[in-house]
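protein.pdb follows (PDB, C-alpha atoms):
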ATOM      1  CA  ASN A  16      92.343 131.044  71.861
ATOM      2  CA  VAL A  17      95.317 129.019  73.155
ATOM      3  CA  CYS A  18      95.794 128.477  76.894
ATOM      4  CA  PRO A  19      99.295 129.534  78.049
ATOM      5  CA  GLU A  20      99.320 126.806  80.736
ATOM      6  CA  CYS A  21      98.310 123.664  78.827
ATOM      7  CA  PHE A  22      98.470 124.946  75.205
ATOM      8  CA  TYR A  23      94.915 123.767  74.540
ATOM      9  CA  ASN A  24      93.119 125.456  71.661
ATOM     10  CA  ILE A  25      89.530 126.136  72.726
ATOM     11  CA  GLU A  26      88.409 125.701  69.124
ATOM     12  CA  THR A  27      89.089 121.978  69.670
ATOM     13  CA  GLU A  28      86.017 120.588  71.446
ATOM     14  CA  ASN A  29      86.187 118.279  74.465
ATOM     15  CA  ASN A  30      84.722 114.904  73.521
ATOM     16  CA  SER A  31      81.113 114.287  74.566
ATOM     17  CA  PRO A  32      79.807 113.991  77.256
ATOM     18  CA  ALA A  33      82.439 116.297  78.769
ATOM     19  CA  LEU A  34      81.703 119.966  79.390
ATOM     20  CA  LYS A  35      82.815 122.334  76.671
ATOM     21  CA  ALA A  36      86.087 124.184  77.174
ATOM     22  CA  GLY A  37      85.213 127.721  78.262
ATOM     23  CA  THR A  38      82.287 126.641  80.459
ATOM     24  CA  ILE A  39      82.227 128.566  83.756
ATOM     25  CA  LEU A  40      81.095 126.932  87.014
ATOM     26  CA  SER A  41      79.526 129.033  89.771
ATOM     27  CA  GLY A  42      80.610 132.205  87.984
ATOM     28  CA  ARG A  43      84.203 131.500  89.004
ATOM     29  CA  TYR A  44      85.805 128.300  87.686
ATOM     30  CA  LEU A  45      86.772 128.091  84.013
ATOM     31  CA  ILE A  46      86.701 124.617  82.439
ATOM     32  CA  GLY A  47      89.584 123.713  80.107
ATOM     33  CA  LYS A  48      90.525 120.502  78.341
ATOM     34  CA  VAL A  49      89.772 117.008  79.619
ATOM     35  CA  LEU A  50      92.678 115.407  81.503
ATOM     36  CA  ASN A  51      91.079 112.052  82.265
ATOM     37  CA  PHE A  52      87.911 110.018  81.750
ATOM     38  CA  ALA A  53      87.242 107.562  84.609
ATOM     39  CA  ASN A  54      84.346 105.222  85.391
ATOM     40  CA  ASP A  55      82.809 107.664  87.854
ATOM     41  CA  SER A  56      84.200 111.036  86.787
ATOM     42  CA  ILE A  57      85.693 113.403  84.235
ATOM     43  CA  THR A  58      88.754 115.455  85.208
ATOM     44  CA  TYR A  59      89.478 118.812  83.561
ATOM     45  CA  ILE A  60      92.242 121.352  83.822
ATOM     46  CA  GLY A  61      90.733 124.660  84.880
ATOM     47  CA  ARG A  62      91.354 128.125  86.229
ATOM     48  CA  ASP A  63      90.084 130.121  89.174
ATOM     49  CA  LEU A  64      89.016 133.422  87.625
ATOM     50  CA  TYR A  65      89.251 135.151  91.020
ATOM     51  CA  SER A  66      92.769 134.097  92.055
ATOM     52  CA  ASP A  67      94.083 133.233  88.548
ATOM     53  CA  THR A  68      95.382 129.841  89.757
ATOM     54  CA  VAL A  69      95.442 126.645  87.698
ATOM     55  CA  LEU A  70      93.106 123.924  88.943
ATOM     56  CA  SER A  71      92.155 120.295  88.558
ATOM     57  CA  ILE A  72      88.351 119.960  88.406
ATOM     58  CA  VAL A  73      86.832 116.508  88.940
ATOM     59  CA  GLU A  74      83.196 116.218  87.840
ATOM     60  CA  PHE A  75      81.133 113.333  89.203
ATOM     61  CA  PHE A  76      79.958 111.767  85.952
ATOM     62  CA  PRO A  77      79.482 107.975  85.808
ATOM     63  CA  SER A  78      78.872 107.858  82.057
ATOM     64  CA  LYS A  79      77.036 104.514  82.055
ATOM     65  CA  ILE A  80      74.210 105.888  84.189
ATOM     66  CA  LEU A  81      74.157 109.558  83.065
ATOM     67  CA  THR A  82      73.719 111.474  79.825
ATOM     68  CA  ARG A  83      74.239 115.092  78.781
ATOM     69  CA  GLU A  84      73.333 116.863  75.569
ATOM     70  CA  ASN A  85      76.199 118.687  73.845
ATOM     71  CA  ASP A  86      74.681 122.137  74.322
ATOM     72  CA  ASP A  87      73.544 121.577  77.907
ATOM     73  CA  CYS A  88      75.683 121.519  81.061
ATOM     74  CA  ASN A  89      73.027 119.748  83.133
ATOM     75  CA  ILE A  90      73.165 115.983  83.586
ATOM     76  CA  THR A  91      70.277 113.564  83.045
ATOM     77  CA  VAL A  92      70.057 110.270  84.941
ATOM     78  CA  LYS A  93      69.242 107.311  82.705
ATOM     79  CA  LEU A  94      65.956 105.532  83.289
ATOM     80  CA  GLY A  95      66.058 103.155  86.258
ATOM     81  CA  TYR A  96      69.303 104.513  87.750
ATOM     82  CA  ASP A  97      67.992 107.249  90.062
ATOM     83  CA  THR A  98      68.711 105.362  93.295
ATOM     84  CA  MET A  99      72.157 104.256  92.145
ATOM     85  CA  PHE A 100      72.993 107.824  91.111
ATOM     86  CA  GLU A 101      71.970 109.280  94.483
ATOM     87  CA  ASN A 102      73.944 106.636  96.401
ATOM     88  CA  CYS A 103      77.032 107.112  94.251
ATOM     89  CA  ARG A 104      76.731 110.890  94.401
ATOM     90  CA  GLU A 105      76.753 110.721  98.207
ATOM     91  CA  SER A 106      79.813 108.456  98.034
ATOM     92  CA  PHE A 107      81.580 111.013  95.834
ATOM     93  CA  LEU A 108      80.787 113.812  98.270
ATOM     94  CA  SER A 109      81.957 111.691 101.206
ATOM     95  CA  LEU A 110      85.197 110.731  99.414
ATOM     96  CA  TRP A 111      86.210 114.288  98.584
ATOM     97  CA  ARG A 112      85.145 115.720 101.931
ATOM     98  CA  GLY A 113      87.362 113.056 103.471
ATOM     99  CA  LEU A 114      90.289 113.978 101.203
ATOM    100  CA  ASP A 115      89.731 117.634 102.094
ATOM    101  CA  MET A 116      90.526 116.732 105.724
ATOM    102  CA  PHE A 117      94.021 115.635 104.657
ATOM    103  CA  LYS A 118      94.757 118.221 101.957
ATOM    104  CA  SER A 119      97.881 119.390 103.816
ATOM    105  CA  ASP A 120      99.452 115.985 103.083
ATOM    106  CA  VAL A 121     101.853 116.413 100.161
ATOM    107  CA  CYS A 122     100.809 113.050  98.672
ATOM    108  CA  LEU A 123      97.146 114.040  98.251
ATOM    109  CA  PRO A 124      95.146 116.519  96.144
ATOM    110  CA  ASN A 125      95.032 119.986  97.700
ATOM    111  CA  VAL A 126      91.243 120.409  97.721
ATOM    112  CA  GLU A 127      90.104 124.010  97.268
ATOM    113  CA  GLN A 128      86.346 123.590  97.165
ATOM    114  CA  ILE A 129      83.545 121.082  96.591
ATOM    115  CA  ILE A 130      80.533 122.527  94.768
ATOM    116  CA  GLU A 131      77.184 121.247  93.516
ATOM    117  CA  SER A 132      76.147 122.427  90.068
ATOM    118  CA  ASN A 133      74.497 121.153  86.861
ATOM    119  CA  GLY A 134      72.780 118.423  88.876
ATOM    120  CA  THR A 135      76.083 116.860  89.938
ATOM    121  CA  VAL A 136      79.173 117.531  92.112
ATOM    122  CA  TYR A 137      82.607 119.013  91.388
ATOM    123  CA  ALA A 138      85.778 118.567  93.458
ATOM    124  CA  ILE A 139      88.200 121.421  92.781
ATOM    125  CA  SER A 140      91.893 121.072  93.669
ATOM    126  CA  VAL A 141      95.153 122.871  92.981
ATOM    127  CA  TYR A 142      96.576 121.555  89.705
ATOM    128  CA  LEU A 143      99.619 119.313  90.135
ATOM    129  CA  ASP A 144     102.306 119.406  87.454
ATOM    130  CA  SER A 145     103.248 115.728  87.310
ATOM    131  CA  ILE A 146     103.688 112.588  85.217
ATOM    132  CA  SER A 147     102.719 109.024  86.065
ATOM    133  CA  LEU A 148     105.344 106.599  87.321
ATOM    134  CA  LYS A 149     104.740 104.623  84.133
ATOM    135  CA  ALA A 150     105.641 107.634  82.005
ATOM    136  CA  TYR A 151     108.571 108.415  84.284
ATOM    137  CA  PHE A 152     110.088 104.956  83.856
ATOM    138  CA  ASP A 153     109.344 104.988  80.127
ATOM    139  CA  GLU A 154     111.454 108.147  79.932
ATOM    140  CA  THR A 155     114.297 107.247  82.293
ATOM    141  CA  LYS A 156     114.602 103.567  81.254
ATOM    142  CA  LYS A 157     116.087 102.627  84.627
ATOM    143  CA  PRO A 158     114.847 101.578  88.079
ATOM    144  CA  LEU A 159     115.198 103.603  91.263
ATOM    145  CA  SER A 160     117.897 102.691  93.750
ATOM    146  CA  TRP A 161     116.545 101.094  96.945
ATOM    147  CA  ALA A 162     117.586 104.147  98.977
ATOM    148  CA  ARG A 163     115.657 106.505  96.702
ATOM    149  CA  ALA A 164     112.644 104.185  96.413
ATOM    150  CA  HIS A 165     112.477 103.763 100.196
ATOM    151  CA  SER A 166     112.598 107.532 100.688
ATOM    152  CA  ALA A 167     109.973 108.177  97.972
ATOM    153  CA  PHE A 168     107.467 105.516  99.056
ATOM    154  CA  LYS A 169     107.616 106.085 102.800
ATOM    155  CA  PRO A 170     105.364 109.204 102.696
ATOM    156  CA  VAL A 171     102.913 107.323 100.432
ATOM    157  CA  LEU A 172     102.545 104.536 103.001
ATOM    158  CA  ALA A 173     102.180 107.039 105.848
ATOM    159  CA  CYS A 174      99.505 108.861 103.853
ATOM    160  CA  LEU A 175      97.600 105.646 103.143
ATOM    161  CA  GLN A 176      97.650 104.808 106.833
ATOM    162  CA  LYS A 177      95.868 108.119 107.568
ATOM    163  CA  LEU A 178      93.332 107.536 104.803
ATOM    164  CA  HIS A 179      92.599 103.988 105.903
ATOM    165  CA  SER A 180      92.086 105.160 109.474
ATOM    166  CA  ALA A 181      89.420 107.509 108.108
ATOM    167  CA  GLY A 182      87.814 104.697 106.077
ATOM    168  CA  ILE A 183      89.089 105.953 102.703
ATOM    169  CA  MET A 184      90.486 103.328 100.296
ATOM    170  CA  HIS A 185      92.046 104.003  96.908
ATOM    171  CA  GLY A 186      91.603 100.636  95.195
ATOM    172  CA  ASN A 187      93.557 101.285  92.005
ATOM    173  CA  ILE A 188      97.178 101.976  92.923
ATOM    174  CA  SER A 189      99.390 101.270  89.918
ATOM    175  CA  PRO A 190     102.125 102.932  87.821
ATOM    176  CA  SER A 191      99.380 105.030  86.209
ATOM    177  CA  THR A 192      97.844 106.408  89.410
ATOM    178  CA  ILE A 193     101.003 107.212  91.377
ATOM    179  CA  HIS A 194     102.604 110.338  89.902
ATOM    180  CA  VAL A 195     105.963 112.043  90.186
ATOM    181  CA  GLY A 196     105.419 115.746  90.783
ATOM    182  CA  SER A 197     107.652 118.598  89.659
ATOM    183  CA  ASP A 198     108.672 118.697  93.336
ATOM    184  CA  GLY A 199     110.219 115.226  92.918
ATOM    185  CA  LYS A 200     107.764 113.653  95.387
ATOM    186  CA  LEU A 201     105.243 110.868  94.780
ATOM    187  CA  HIS A 202     101.541 111.762  94.717
ATOM    188  CA  ILE A 203      98.455 109.538  94.904
ATOM    189  CA  MET A 204      96.108 110.374  92.038
ATOM    190  CA  THR A 205      92.792 109.264  90.493
ATOM    191  CA  PHE A 206      90.554 108.510  93.458
ATOM    192  CA  SER A 207      87.237 106.788  92.753
ATOM    193  CA  ILE A 208      84.162 105.981  94.834
ATOM    194  CA  PRO A 209      83.944 102.536  96.547
ATOM    195  CA  GLN A 210      81.243 101.369  94.109
ATOM    196  CA  CYS A 211      83.932 101.277  91.413
ATOM    197  CA  TYR A 212      85.557  98.352  93.245
ATOM    198  CA  SER A 213      82.428  96.357  94.015
ATOM    199  CA  SER A 214      79.903  94.274  92.091
ATOM    200  CA  VAL A 215      78.252  97.366  90.542
ATOM    201  CA  GLU A 216      78.990  96.529  86.920
ATOM    202  CA  GLU A 217      78.062  99.984  85.559
ATOM    203  CA  LEU A 218      80.883 101.628  87.550
ATOM    204  CA  ARG A 219      83.382  98.868  88.091
ATOM    205  CA  VAL A 220      87.070  99.611  87.466
ATOM    206  CA  ARG A 221      88.956  96.688  85.941
ATOM    207  CA  PRO A 222      91.833  95.421  88.124
ATOM    208  CA  VAL A 223      95.392  96.042  86.918
ATOM    209  CA  PRO A 224      97.246  92.749  86.343
ATOM    210  CA  GLY A 225     100.428  92.607  88.399
ATOM    211  CA  PHE A 226      99.323  95.344  90.800
ATOM    212  CA  SER A 227      95.742  94.580  91.916
ATOM    213  CA  PRO A 228      95.275  91.869  94.577
ATOM    214  CA  ILE A 229      93.181  88.783  93.899
ATOM    215  CA  GLU A 230      90.172  90.037  95.898
ATOM    216  CA  LEU A 231      89.554  92.741  93.259
ATOM    217  CA  PHE A 232      89.172  90.149  90.484
ATOM    218  CA  GLY A 233      85.954  88.251  89.819
ATOM    219  CA  GLU A 234      82.285  89.107  90.313
ATOM    220  CA  ASN A 235      82.424  89.361  94.117
ATOM    221  CA  ALA A 236      85.147  91.999  94.356
ATOM    222  CA  SER A 237      85.796  93.500  97.782
ATOM    223  CA  LEU A 238      88.055  96.427  98.625
ATOM    224  CA  SER A 239      89.959  96.834 101.887
ATOM    225  CA  ALA A 240      92.990  98.625 103.304
ATOM    226  CA  ALA A 241      94.994  95.440 102.639
ATOM    227  CA  SER A 242      94.215  95.812  98.916
ATOM    228  CA  ASP A 243      95.979  99.195  98.820
ATOM    229  CA  VAL A 244      98.962  97.906 100.800
ATOM    230  CA  TYR A 245      99.345  94.979  98.404
ATOM    231  CA  SER A 246      99.286  97.319  95.383
ATOM    232  CA  VAL A 247     101.873  99.685  96.880
ATOM    233  CA  MET A 248     104.173  96.760  97.686
ATOM    234  CA  ALA A 249     103.778  95.394  94.146
ATOM    235  CA  LEU A 250     104.598  98.829  92.776
ATOM    236  CA  LEU A 251     107.596  99.206  95.067
ATOM    237  CA  TYR A 252     108.840  95.773  94.033
TER     238      TYR A 252
END

Kindly transcribe the structure held in the file into structure tokens.
Amino acid sequence: NVCPECFYNIETENNSPALKAGTILSGRYLIGKVLNFANDSITYIGRDLYSDTVLSIVEFFPSKILTRENDDCNITVKLGYDTMFENCRESFLSLWRGLDMFKSDVCLPNVEQIIESNGTVYAISVYLDSISLKAYFDETKKPLSWARAHSAFKPVLACLQKLHSAGIMHGNISPSTIHVGSDGKLHIMTFSIPQCYSSVEELRVRPVPGFSPIELFGENASLSAASDVYSVMALLY
């Protein structure tokens, strides 16, 4: 009953409205414990039952406009939110199809497959063994030297340049969303759809003081490539 990879006991239930641990998607992907709840998604650790590889499974699930009963995998759109759900669902598909184009980049999720099931969408990537920069600095209690920081952040900036050229913005770069992998490299994590950085209150991600630029604060928030560059520079500083 205990997973040898993440030590999760399947007798401990994932909190609602997450899928239950042990749920199988498309007859192939085993759902494990919840790794992260975000405004537009739920991320689980999982396993490919065909290849026996560990996965990260991101389910499109904006909890303020969807519901799900505990014993049912299918989602239900709340009354009056059908159009918003369809628009946001298309944004989620577009985001992860875009990331799939750059999956060979070491800074980005290595997308394995994007599937539609249970009335929603799942983005399935190779699981990355990592910790956030925040956790890293909490453990080490010391800053990086400039030489090491320059070397570590250069690939992140190059990666963002590719994403921005393809019209993909992150919007929430901070010590919590840039991770240090077991390979020692920096990785960009926790992507969200553009509606999370707009005036759509039901999905909106709150800016991170000290790292988010001024245009992401207030009711008329607007996201651009410059917003990501600002956040990376604040993080580097």

Counting all atoms listed in the file, which residues of region 102-206 of chain A fall within 9 Å of region 36-55 of chain A, and what is the closest atom pair for each with its distance in Å at one decimal, ordered by chain and rising number, as a Markdown table?
| residue | atom | partner | partner_atom | distance |
| --- | --- | --- | --- | --- |
| A:Cys103 | CA | A:Asp55 | CA | 8.6 |
| A:Phe107 | CA | A:Asp55 | CA | 8.7 |
| A:Ile130 | CA | A:Ser41 | CA | 8.3 |
| A:Glu131 | CA | A:Ser41 | CA | 9.0 |
| A:Ser132 | CA | A:Leu40 | CA | 7.4 |
| A:Asn133 | CA | A:Leu40 | CA | 8.8 |
| A:Ile139 | CA | A:Tyr44 | CA | 8.9 |
| A:Thr205 | CA | A:Ala53 | CA | 8.3 |

Please tabulate, as a tab-separated table, the residues of region 29-129 of chain A that come within 12 Å of region 210-234 of chain A, each with its closest pair of atoms and the distance in Å to one decimal, counting only C-alpha atoms and ordering rows by chain, then residue number upward.
residue	atom	partner	partner_atom	distance
A:Phe52	CA	A:Val220	CA	11.9
A:Ala53	CA	A:Val220	CA	8.5
A:Asn54	CA	A:Leu218	CA	5.4
A:Asp55	CA	A:Leu218	CA	6.3
A:Ser56	CA	A:Leu218	CA	10.0
A:Phe75	CA	A:Leu218	CA	11.8
A:Phe76	CA	A:Leu218	CA	10.3
A:Pro77	CA	A:Leu218	CA	6.7
A:Ser78	CA	A:Leu218	CA	8.5
A:Lys79	CA	A:Glu217	CA	5.8
A:Ile80	CA	A:Glu217	CA	7.2
A:Leu81	CA	A:Glu217	CA	10.6
A:Lys93	CA	A:Glu217	CA	11.8
A:Tyr96	CA	A:Glu217	CA	10.1
A:Met99	CA	A:Val215	CA	9.3
A:Phe100	CA	A:Leu218	CA	10.6
A:Asn102	CA	A:Gln210	CA	9.3
A:Cys103	CA	A:Gln210	CA	7.1
A:Arg104	CA	A:Gln210	CA	10.5
A:Glu105	CA	A:Gln210	CA	11.2
A:Ser106	CA	A:Gln210	CA	8.2
A:Phe107	CA	A:Gln210	CA	9.8
A:Leu110	CA	A:Gln210	CA	11.5

Name all residues at most 12 Å from Ile129 (chain A) (count only C-alpha atoms; drop same-chain ones fewer than 4 positions away) and give them as a tab-separated table (two decimals) with C-alpha atoms, in the coordinates of the input.
chain	number	residue	atom	x	y	z
A	40	LEU	CA	81.10	126.93	87.01
A	41	SER	CA	79.53	129.03	89.77
A	44	TYR	CA	85.80	128.30	87.69
A	71	SER	CA	92.16	120.30	88.56
A	72	ILE	CA	88.35	119.96	88.41
A	73	VAL	CA	86.83	116.51	88.94
A	74	GLU	CA	83.20	116.22	87.84
A	75	PHE	CA	81.13	113.33	89.20
A	107	PHE	CA	81.58	111.01	95.83
A	108	LEU	CA	80.79	113.81	98.27
A	109	SER	CA	81.96	111.69	101.21
A	110	LEU	CA	85.20	110.73	99.41
A	111	TRP	CA	86.21	114.29	98.58
A	112	ARG	CA	85.14	115.72	101.93
A	113	GLY	CA	87.36	113.06	103.47
A	114	LEU	CA	90.29	113.98	101.20
A	115	ASP	CA	89.73	117.63	102.09
A	125	ASN	CA	95.03	119.99	97.70
A	135	THR	CA	76.08	116.86	89.94
A	136	VAL	CA	79.17	117.53	92.11
A	137	TYR	CA	82.61	119.01	91.39
A	138	ALA	CA	85.78	118.57	93.46
A	139	ILE	CA	88.20	121.42	92.78
A	140	SER	CA	91.89	121.07	93.67

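The shortest atom-to-atom distance to Asn89 (chain A), with only C-alpha atoms taken into account, belongs to A:Leu34 out of A:Leu34, A:Tyr65, A:Gln128, A:Met184.
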
>> Can you spell out as number ranges by chain the set of residues that the PyMOL selection byres ((chain A and resi 123) around 12) selects in the structure I just provided?
In response: A: 111, 113-122, 124-126, 140-143, 170-175, 177-178, 185, 192-194, 196, 200-206

> Pick from A:Ile146, A:Leu238, A:Ala33, A:Leu251: nearest to Leu159 (chain A), with only C-alpha atoms counted?
Replying inline: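 Going through A:Ile146, A:Leu238, A:Ala33, A:Leu251 one by one, the smallest distance to Leu159 (chain A) is for A:Leu251.
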
> For Ala164 (chain A), which residue out of A:Met248, A:Ser145, A:Thr91, A:Ser197 is the nearest one, using all atoms listed in the file?
Replying inline: A:Met248

> For Cys88 (chain A), which residue out of A:Gly134, A:Ile60, A:Ser237, A:Glu101 is the nearest one, using all atoms listed in the file?
Replying inline: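 Checking each of A:Gly134, A:Ile60, A:Ser237, A:Glu101 against Cys88 (chain A), counting all atoms listed in the file, the winner is A:Gly134.
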
Could you give me the axis-aligned bounding box of region 106-113 of chain A, with 6 Å of padding per side, as centre plus edge lengths in Å to one decimal, as JSON?
{"center_x": 83.6, "center_y": 112.1, "center_z": 99.7, "size_x": 19.5, "size_y": 19.3, "size_z": 19.6}

> Hey, can you check how far CA of Pro158 (chain A) sits from CA of Val195 (chain A)?
Replying inline: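 According to the coordinates, CA of Pro158 (chain A) and CA of Val195 (chain A) are separated by 13.9 Å.
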
> What residues come out when you apply the PyMOL selection byres ((chain A and resi 149-155) around 6) to this file, written as an MDAnalysis selection string?
Replying inline: chainID A and resid 147:148 156:157 190:191

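One finds CA of Ile90 (chain A) at 9.4 Å from CA of Pro32 (chain A).
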
> Using only C-alpha atoms, which of A:Gly95, A:Gly186, A:Asn235, A:Tyr252 sits nearest Phe168 (chain A)?
Replying inline: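 Using only C-alpha atoms, the shortest distance to Phe168 (chain A) belongs to A:Tyr252.
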
>> Just to confirm, what's the straight-line distance from CA of His179 (chain A) to CA of Ala240 (chain A) in Å (one decimal)?
In response: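 Answer for the CA of His179 (chain A) to CA of Ala240 (chain A) separation: 6.0 Å.
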
> Taking only C-alpha atoms into account, which of A:Ile208, A:Val247, A:Val92, A:Ala236 comes nearest Lys169 (chain A)?
Replying inline: A:Val247

Would you fill the gaps in region 68-77 of chain A so it has all heavy atoms, then print it as an mmCIF file, keeping the file's coordinate frame?
data_model
loop_
_atom_site.group_PDB
_atom_site.id
_atom_site.type_symbol
_atom_site.label_atom_id
_atom_site.label_comp_id
_atom_site.auth_asym_id
_atom_site.auth_seq_id
_atom_site.Cartn_x
_atom_site.Cartn_y
_atom_site.Cartn_z
ATOM 1 N N THR A 68 94.575 131.039 89.541
ATOM 2 C CA THR A 68 95.382 129.841 89.757
ATOM 3 C C THR A 68 94.873 128.703 88.881
ATOM 4 O O THR A 68 93.699 128.638 88.527
ATOM 5 C CB THR A 68 95.338 129.398 91.231
ATOM 6 O OG1 THR A 68 93.965 129.246 91.631
ATOM 7 C CG2 THR A 68 96.012 130.416 92.129
ATOM 8 N N VAL A 69 95.789 127.804 88.530
ATOM 9 C CA VAL A 69 95.442 126.645 87.698
ATOM 10 C C VAL A 69 94.881 125.543 88.594
ATOM 11 O O VAL A 69 95.401 125.288 89.681
ATOM 12 C CB VAL A 69 96.678 126.130 86.923
ATOM 13 C CG1 VAL A 69 96.273 125.020 85.953
ATOM 14 C CG2 VAL A 69 97.330 127.271 86.161
ATOM 15 N N LEU A 70 93.830 124.886 88.124
ATOM 16 C CA LEU A 70 93.106 123.924 88.943
ATOM 17 C C LEU A 70 92.939 122.582 88.239
ATOM 18 O O LEU A 70 93.049 122.474 87.014
ATOM 19 C CB LEU A 70 91.707 124.461 89.257
ATOM 20 C CG LEU A 70 91.603 125.809 89.939
ATOM 21 C CD1 LEU A 70 90.166 126.313 89.895
ATOM 22 C CD2 LEU A 70 92.100 125.730 91.382
ATOM 23 N N SER A 71 92.650 121.580 89.043
ATOM 24 C CA SER A 71 92.155 120.295 88.558
ATOM 25 C C SER A 71 90.701 120.203 89.020
ATOM 26 O O SER A 71 90.419 120.345 90.215
ATOM 27 C CB SER A 71 92.985 119.146 89.137
ATOM 28 O OG SER A 71 92.395 117.903 88.822
ATOM 29 N N ILE A 72 89.781 119.989 88.090
ATOM 30 C CA ILE A 72 88.351 119.960 88.406
ATOM 31 C C ILE A 72 87.807 118.574 88.077
ATOM 32 O O ILE A 72 87.792 118.170 86.907
ATOM 33 C CB ILE A 72 87.585 121.046 87.625
ATOM 34 C CG1 ILE A 72 88.150 122.441 87.961
ATOM 35 C CG2 ILE A 72 86.094 120.977 87.926
ATOM 36 C CD1 ILE A 72 87.545 123.573 87.139
ATOM 37 N N VAL A 73 87.376 117.859 89.114
ATOM 38 C CA VAL A 73 86.832 116.508 88.940
ATOM 39 C C VAL A 73 85.313 116.578 89.006
ATOM 40 O O VAL A 73 84.743 116.983 90.021
ATOM 41 C CB VAL A 73 87.360 115.539 90.021
ATOM 42 C CG1 VAL A 73 86.810 114.130 89.781
ATOM 43 C CG2 VAL A 73 88.882 115.518 90.033
ATOM 44 N N GLU A 74 84.661 116.215 87.920
ATOM 45 C CA GLU A 74 83.196 116.218 87.840
ATOM 46 C C GLU A 74 82.681 114.809 88.074
ATOM 47 O O GLU A 74 83.122 113.862 87.408
ATOM 48 C CB GLU A 74 82.755 116.704 86.461
ATOM 49 C CG GLU A 74 81.243 116.674 86.266
ATOM 50 C CD GLU A 74 80.825 117.060 84.855
ATOM 51 O OE1 GLU A 74 81.520 116.675 83.883
ATOM 52 O OE2 GLU A 74 79.805 117.750 84.718
ATOM 53 N N PHE A 75 81.753 114.640 89.012
ATOM 54 C CA PHE A 75 81.133 113.333 89.203
ATOM 55 C C PHE A 75 80.249 113.049 87.998
ATOM 56 O O PHE A 75 79.234 113.697 87.784
ATOM 57 C CB PHE A 75 80.307 113.303 90.497
ATOM 58 C CG PHE A 75 79.568 112.003 90.681
ATOM 59 C CD1 PHE A 75 80.251 110.800 90.751
ATOM 60 C CD2 PHE A 75 78.186 111.981 90.762
ATOM 61 C CE1 PHE A 75 79.575 109.600 90.898
ATOM 62 C CE2 PHE A 75 77.490 110.791 90.913
ATOM 63 C CZ PHE A 75 78.202 109.592 90.984
ATOM 64 N N PHE A 76 80.679 112.069 87.185
ATOM 65 C CA PHE A 76 79.958 111.767 85.952
ATOM 66 C C PHE A 76 80.167 110.304 85.572
ATOM 67 O O PHE A 76 80.988 109.984 84.709
ATOM 68 C CB PHE A 76 80.404 112.680 84.804
ATOM 69 C CG PHE A 76 79.422 112.700 83.653
ATOM 70 C CD1 PHE A 76 78.499 113.729 83.545
ATOM 71 C CD2 PHE A 76 79.409 111.687 82.711
ATOM 72 C CE1 PHE A 76 77.577 113.740 82.496
ATOM 73 C CE2 PHE A 76 78.493 111.689 81.665
ATOM 74 C CZ PHE A 76 77.571 112.721 81.545
ATOM 75 N N PRO A 77 79.439 109.378 86.229
ATOM 76 C CA PRO A 77 79.482 107.975 85.808
ATOM 77 C C PRO A 77 78.735 107.814 84.486
ATOM 78 O O PRO A 77 77.504 107.803 84.447
ATOM 79 C CB PRO A 77 78.792 107.233 86.957
ATOM 80 C CG PRO A 77 77.935 108.259 87.621
ATOM 81 C CD PRO A 77 78.605 109.582 87.416
#
